[in-house]
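Working notes for the structure below.
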Amino acid sequence: MDDFARLQTSVQSALVDTTRSATALAAEDLPFHRTVDPSLSSALDTQNARLLSLASRLLGSATAHADNVRPTLRDIEDVESNWTRVVDVVDSLLERADTALDEFTGAVKRLSPREQTPVANKSSKASRTSAALRPQVIEKPQLTFEDKPFNQETQPFRPLLKSKPHASVALETQPSNSEKQFSHPYQLEIEQYKYPSTVYTHAEPISYHPFESTTATFVDTEEGLEEMLQELKKAKEIAIDLEHHDQRSYIGIVCLMQISTRDRDWIVDTLVPWRRKLQALNEVFADPTIVKVMHGAHMDMIWLQRDLGLYVVGLFDTHHASRALGYPGGSYAFLLQKFTGVQAQKQYQTADWRIRPLPQELVDYARSDTHYLMYIYDNIRNELIEKSDFSQPHHEKDKVHDVCQRSKEYALQRYEHPVYDAETGQGAGGWYKLVSRTSANLSKQEFAVFRAVHQWRDEVAREQDDSVNFVMPNHMIFTLARAMPSTRAELLGVAQPATQSIRLRADELVATIVKARTDGENGPELMEVLAKIDPVHFKKAMEKAAPQSAAGFEGVARYIQPGNAAAPTINVSSLLSSSLRSGLSMFWGGNNNSQQTRSMSTAPNIQLSVPMPPLNAEVFSETAASEAAQMTTPSAPESRTSPEPPAEEDQDDTFILKEQGRGKKRKHADPAPTSDALATQTDEVTIDPAAEKRQSRTQRKKAKKQAKADADVEAAAGDEEAAALDDEEPAFDYASAPSILNPPKKSIQELKAERKKVKDPYKKSMDAPKGQPRAQKERAGKSMTFKK
């Protein structure tokens with residue numbers, strides 16, 4: 001206990017000294033001292049690097065046996081961006097220290113091993129789950145591959161096959177055309193493939209083994225691969241699935257392969273350095289006697305041949321089967337719920353499959369993708385057979401044949417290297433699709449910056465072997481194109497949140513933007529480039545936007561053709577501005593307004609987007625004349641009787657207005673006047689003596705008020721005339737005037753007299769009858785007790 005007290009004292013003393021030093025340094029103006037003394041600046045940089053290194057080592061030690069992700073601190077920006085993680089690490093250390101102190105001092109007793117087991121298992125399961133879903137800093141596994149990926153390929157993709165099992169024709173060693181492109185190695189075998197009779201035979205579904213009572217075999221050695229291969233050769237149907245990662249790799253990387261038979265499950269680690277040796281699985285994957293069941297294998301076919309050199313002959317895709325049967329959903333989760341009642345754990349779909357060792361939750365999720373797939377295949381195959389008509393082979397009612405043909409199309413896909421074309425933006429990762437699918441209207445300079453930034457992102461992604469979205473998201477390219485920052489500070493202020501690549505290469509990106517902005521002053525327009533790249537698509541888009549101007553765009557589609565050197569430069573922007581506007585408005589008629597352009601210098605006469613009727617002097621003169629006529633026209637005098645109706649109109653339609661609020665003593669009323677009479681008389685349609693008396697009394701009151709008002713006006717006018725005849729008011733004497741800041745004090749009697757002169761506007765309200773008082777008033781400190 002004494003040793004602990006000395007340790008505690010020494011630790012507290014060191015913490016106090018460190019805190020005082022840090023506080024004193026924070027109070028100093030270090031940026032100013034840096035400018036005064038260059039040696040101090042270099043010394044501070046050295047100490048900063050040393051402290052960051054110590055902090056990183058301490059964080060690494062603190063997270064070595066914990067669930068927290070280790071923050072990496074390379075510069076001050078990393079400290080700011082990873083501050084939340086640093087706080088989490090410190091909090092976990094404090095909690096562990098608090099728990100250890102409680103156990104050491106005896107405040108909390110440690111559980112026995114038997115009592116501790118359930119709690120430990122529960123906590124470890126939660127920690128594994130959080131670790132599986134939490135983003136982690138993982139070293140790129142592709143750096144350990146025997147054949148590292150090369151992202152600067154410009155030549156066509158060459159298949160990775162070293163041999164070709166189950167071949168009908170020999171493996172091609174030379175390109176098949178002048179473009180030096182290799183054909184699909186198993187193209188002939190897939191096109192001529194005939195599915196086994198079992199695919200067309202209705203059979204009782206074979207139930208799967210209980211998931212809890214079975215386990216998956218993890219294959220990460222060559223011996224395990226050979227053992228699995230011998231087992232797979234005995235099967236008639238197998239299920240295959242892949243787990244892919246595309247965030248920290250330019251072209252993507254296959255991380256796992258799941259394979260299941262009717263009785264066993266395997267999970268193959270495809271991140272091992274010798275991953276190219278997995279080509280041995282072609283002995284099973286290309287075997288025409290074995291049906292390969294997959295779900296949504298569109299991208300799986302590309303990934304298998306790109307990373308592992310594997311090709312599938314005899315594919316049956318359950319996604320196409322679900323579409324052929326008209327299911328409301330085509331996902332694997334839908335089929336799993338429909339046929340097995342198992343709910344898929346969708347939270348693991350976005351997990352990082354590069355984690356090693358693989359958490360048990362991810363192992364179970366990966367195994368479930370193929371463990372139930374054979375049973376789903378049996379059920380969906382039977383339903384296809386039941387709804388198919390085999391009387392006419394290869395007919396549209398033959399749903400089994402339709403699914404098999406669509407599956408073959410997936411298997412015949414070929415992988416090609418992503419080639420970037422900066423000029424036209426074509427290709428899988430080009431800028432053309434991105435800008436053509438948006439409604440962004442960029443100027444010359446903005447368009448030049450857009451293309452330059454997009455190309456810079458692709459080059460950086462290839463160099464770092466990261467995805468383009470990891471380097472910079474798509475929306476940020478448009479943001480930078482519009483802002484066109486010229487300094488590092490402006491760039492970091494606009495690009496929020498800034499990615500790691502942007503922060504580390506900010507100066508390089510700024511130089512790219514500045515150069516593109518200068519070159520874009522004389523560059524092409526966005527619409528001109530789009531029209532030259534794809535005139536047919538451009539024409540269809542413009543016809544859809546303006547059907548009445550289709551004839552004008554036909555000329556553009558005919559005239560702007562690739563390689564047409566005789567075609568002059570056409571200002572497509574002016575064509576758009578003149579053709580996309582309608583010449584007729586449903587509200588105002590003809591529309592002669594011109595489209596408002598982006599620049600004030602090019603369009604000094606700005607007009608409204610919505611055409612307005614002409615507002616000239618005649619309109620205002622007519623309006624003024626009509627208003628004056630309405631004001632000068634005398635109103636019709638009130639009449640007690642209905643006027644004579646016109647002689648030419650018939651008075652057959654007679655109706656009676658029933659006055660609201662009349663007494664019950666009224667027995668009858670005069671007949672109502674006609675509609676024309678109602679337009680010139682008041683609302684009163686009957687003669688009532690009581691109403692006439694009330695009206696005369698009201699008129700007398702109005703007359704008295706008017707006479708009194710006229711008398712007041714005359715009196716005021718007389719006072720003004722009298723005041724005008726008097727001598728002028730003497731000048732104000734500032735010397736004898738009382739001070740405003742220090743006014744003289746008034747006596748109590750004067751104050752009371754002034755208060756009496758002031759009229760209280762709310763005095764009359766106090767004369768109103770008071771409300772009924774409360775029957776029982778509350779009294780402080782007393783309570784009421786009620787008895788039955």
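Every chain in the structure tokens takes a letter, A first, then B, and so on in the order presented; its residues are numbered from 1, and the ligands are numbered from 1 following the presented order.
Residues surrounding Leu325 (chain A) within 12 Å are A:Thr318, A:His319, A:His320, A:Ala321, A:Ser322, A:Arg323, A:Tyr327, A:Pro328, A:Gly329, A:Gly330, A:Asn379, A:Ile380, A:Arg381, A:Asn382, A:Glu383, A:Leu384, A:Ile385, A:Glu386, A:Lys387, A:Ser388, A:Lys397, A:Asp398, A:Lys399, A:Val400, A:Asp402, A:Val403 [only C-alpha atoms; sequence separation below 2 positions excluded].
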Could you please take those selected residues and save N, CA and C atoms as a PDB file, in the first residue's frame?
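Output file again_38.pdb is given in full below:
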ATOM      1  N   THR A 318     -30.129 -17.359 -59.394  1.00  0.00           N
ATOM      2  CA  THR A 318     -31.458 -17.326 -58.778  1.00  0.00           C
ATOM      3  C   THR A 318     -32.096 -15.943 -58.870  1.00  0.00           C
ATOM      4  N   HIS A 319     -31.295 -14.898 -59.117  1.00  0.00           N
ATOM      5  CA  HIS A 319     -31.884 -13.570 -59.302  1.00  0.00           C
ATOM      6  C   HIS A 319     -32.737 -13.536 -60.561  1.00  0.00           C
ATOM      7  N   HIS A 320     -32.234 -14.086 -61.654  1.00  0.00           N
ATOM      8  CA  HIS A 320     -33.021 -14.157 -62.885  1.00  0.00           C
ATOM      9  C   HIS A 320     -34.255 -15.043 -62.685  1.00  0.00           C
ATOM     10  N   ALA A 321     -34.123 -16.082 -61.887  1.00  0.00           N
ATOM     11  CA  ALA A 321     -35.275 -16.949 -61.629  1.00  0.00           C
ATOM     12  C   ALA A 321     -36.376 -16.202 -60.885  1.00  0.00           C
ATOM     13  N   SER A 322     -35.995 -15.380 -59.902  1.00  0.00           N
ATOM     14  CA  SER A 322     -37.007 -14.622 -59.162  1.00  0.00           C
ATOM     15  C   SER A 322     -37.696 -13.604 -60.064  1.00  0.00           C
ATOM     16  N   ARG A 323     -36.958 -13.016 -61.009  1.00  0.00           N
ATOM     17  CA  ARG A 323     -37.572 -12.069 -61.940  1.00  0.00           C
ATOM     18  C   ARG A 323     -38.483 -12.783 -62.929  1.00  0.00           C
ATOM     19  N   TYR A 327     -41.588 -12.318 -58.782  1.00  0.00           N
ATOM     20  CA  TYR A 327     -41.601 -12.039 -57.346  1.00  0.00           C
ATOM     21  C   TYR A 327     -41.536 -10.529 -57.095  1.00  0.00           C
ATOM     22  N   PRO A 328     -42.143 -10.060 -56.021  1.00  0.00           N
ATOM     23  CA  PRO A 328     -42.069  -8.613 -55.722  1.00  0.00           C
ATOM     24  C   PRO A 328     -40.671  -8.150 -55.351  1.00  0.00           C
ATOM     25  N   GLY A 329     -39.801  -9.069 -54.953  1.00  0.00           N
ATOM     26  CA  GLY A 329     -38.419  -8.723 -54.619  1.00  0.00           C
ATOM     27  C   GLY A 329     -37.468  -9.700 -55.265  1.00  0.00           C
ATOM     28  N   GLY A 330     -36.281  -9.194 -55.634  1.00  0.00           N
ATOM     29  CA  GLY A 330     -35.303 -10.050 -56.277  1.00  0.00           C
ATOM     30  C   GLY A 330     -34.017 -10.196 -55.498  1.00  0.00           C
ATOM     31  N   ASN A 379     -36.350 -25.102 -54.519  1.00  0.00           N
ATOM     32  CA  ASN A 379     -37.720 -24.584 -54.522  1.00  0.00           C
ATOM     33  C   ASN A 379     -38.007 -23.719 -55.741  1.00  0.00           C
ATOM     34  N   ILE A 380     -37.068 -22.864 -56.073  1.00  0.00           N
ATOM     35  CA  ILE A 380     -37.314 -21.943 -57.184  1.00  0.00           C
ATOM     36  C   ILE A 380     -37.245 -22.672 -58.527  1.00  0.00           C
ATOM     37  N   ARG A 381     -36.448 -23.734 -58.614  1.00  0.00           N
ATOM     38  CA  ARG A 381     -36.401 -24.551 -59.824  1.00  0.00           C
ATOM     39  C   ARG A 381     -37.728 -25.273 -60.033  1.00  0.00           C
ATOM     40  N   ASN A 382     -38.279 -25.851 -58.963  1.00  0.00           N
ATOM     41  CA  ASN A 382     -39.573 -26.534 -59.085  1.00  0.00           C
ATOM     42  C   ASN A 382     -40.668 -25.577 -59.527  1.00  0.00           C
ATOM     43  N   GLU A 383     -40.640 -24.358 -58.993  1.00  0.00           N
ATOM     44  CA  GLU A 383     -41.670 -23.390 -59.377  1.00  0.00           C
ATOM     45  C   GLU A 383     -41.506 -22.952 -60.829  1.00  0.00           C
ATOM     46  N   LEU A 384     -40.281 -22.856 -61.301  1.00  0.00           N
ATOM     47  CA  LEU A 384     -40.057 -22.541 -62.711  1.00  0.00           C
ATOM     48  C   LEU A 384     -40.593 -23.643 -63.613  1.00  0.00           C
ATOM     49  N   ILE A 385     -40.365 -24.876 -63.209  1.00  0.00           N
ATOM     50  CA  ILE A 385     -40.846 -26.006 -64.014  1.00  0.00           C
ATOM     51  C   ILE A 385     -42.369 -26.024 -64.047  1.00  0.00           C
ATOM     52  N   GLU A 386     -43.007 -25.741 -62.914  1.00  0.00           N
ATOM     53  CA  GLU A 386     -44.467 -25.760 -62.847  1.00  0.00           C
ATOM     54  C   GLU A 386     -45.077 -24.670 -63.735  1.00  0.00           C
ATOM     55  N   LYS A 387     -44.416 -23.542 -63.884  1.00  0.00           N
ATOM     56  CA  LYS A 387     -44.968 -22.434 -64.658  1.00  0.00           C
ATOM     57  C   LYS A 387     -44.400 -22.368 -66.078  1.00  0.00           C
ATOM     58  N   SER A 388     -43.696 -23.399 -66.519  1.00  0.00           N
ATOM     59  CA  SER A 388     -43.119 -23.418 -67.862  1.00  0.00           C
ATOM     60  C   SER A 388     -43.929 -24.329 -68.771  1.00  0.00           C
ATOM     61  N   LYS A 397     -42.456 -19.097 -73.084  1.00  0.00           N
ATOM     62  CA  LYS A 397     -43.099 -19.682 -71.918  1.00  0.00           C
ATOM     63  C   LYS A 397     -42.217 -20.707 -71.228  1.00  0.00           C
ATOM     64  N   ASP A 398     -41.089 -21.021 -71.809  1.00  0.00           N
ATOM     65  CA  ASP A 398     -40.131 -21.926 -71.183  1.00  0.00           C
ATOM     66  C   ASP A 398     -39.258 -21.094 -70.243  1.00  0.00           C
ATOM     67  N   LYS A 399     -39.716 -20.918 -69.002  1.00  0.00           N
ATOM     68  CA  LYS A 399     -39.025 -20.050 -68.059  1.00  0.00           C
ATOM     69  C   LYS A 399     -37.671 -20.616 -67.643  1.00  0.00           C
ATOM     70  N   VAL A 400     -37.538 -21.921 -67.606  1.00  0.00           N
ATOM     71  CA  VAL A 400     -36.255 -22.514 -67.235  1.00  0.00           C
ATOM     72  C   VAL A 400     -35.197 -22.163 -68.274  1.00  0.00           C
ATOM     73  N   ASP A 402     -35.243 -19.632 -70.285  1.00  0.00           N
ATOM     74  CA  ASP A 402     -34.984 -18.187 -70.227  1.00  0.00           C
ATOM     75  C   ASP A 402     -33.981 -17.853 -69.123  1.00  0.00           C
ATOM     76  N   VAL A 403     -34.144 -18.470 -67.952  1.00  0.00           N
ATOM     77  CA  VAL A 403     -33.214 -18.219 -66.846  1.00  0.00           C
ATOM     78  C   VAL A 403     -31.813 -18.728 -67.198  1.00  0.00           C
TER      79      VAL A 403
END
**Prompt:** What's the 12 Å shell around region 455-469 of chain A, counting only C-alpha atoms, without same-chain residues fewer than 4 positions away, as number ranges by chain?
**Reply:** A: 140-143, 148-153, 245-253, 418-426, 428-432, 448-451, 473-477, 499-502, 504-506, 508-513, 516
**Nearby residues (only C-alpha atoms) at most 12 Å from Gln349 (chain A), same-chain spacing under 4 positions excluded, as a PyMOL selection string** = chain A and resi 132-133+242-245+333+344-345+353+361-362+365-366+369
**Asked** Neighbours of Leu315 (chain A) within 9 Å (only C-alpha atoms; same-chain residues fewer than 5 positions away dropped), as number ranges by chain?
**Response** A: 291-294, 297, 404, 407-408, 410-411
Please save C-alpha atoms of the selected residues as a PDB file, in the first residue's frame.
ATOM      1  CA  VAL A 291     -24.262 -26.759 -61.737  1.00  0.00           C
ATOM      2  CA  LYS A 292     -22.967 -23.583 -60.085  1.00  0.00           C
ATOM      3  CA  VAL A 293     -25.753 -21.761 -58.233  1.00  0.00           C
ATOM      4  CA  MET A 294     -25.200 -18.058 -57.538  1.00  0.00           C
ATOM      5  CA  ALA A 297     -23.572 -12.903 -60.271  1.00  0.00           C
ATOM      6  CA  CYS A 404     -30.430 -20.434 -68.206  1.00  0.00           C
ATOM      7  CA  SER A 407     -27.252 -16.837 -66.698  1.00  0.00           C
ATOM      8  CA  LYS A 408     -25.028 -17.648 -69.680  1.00  0.00           C
ATOM      9  CA  TYR A 410     -23.599 -13.179 -67.137  1.00  0.00           C
ATOM     10  CA  ALA A 411     -20.952 -15.891 -67.427  1.00  0.00           C
TER      11      ALA A 411
END
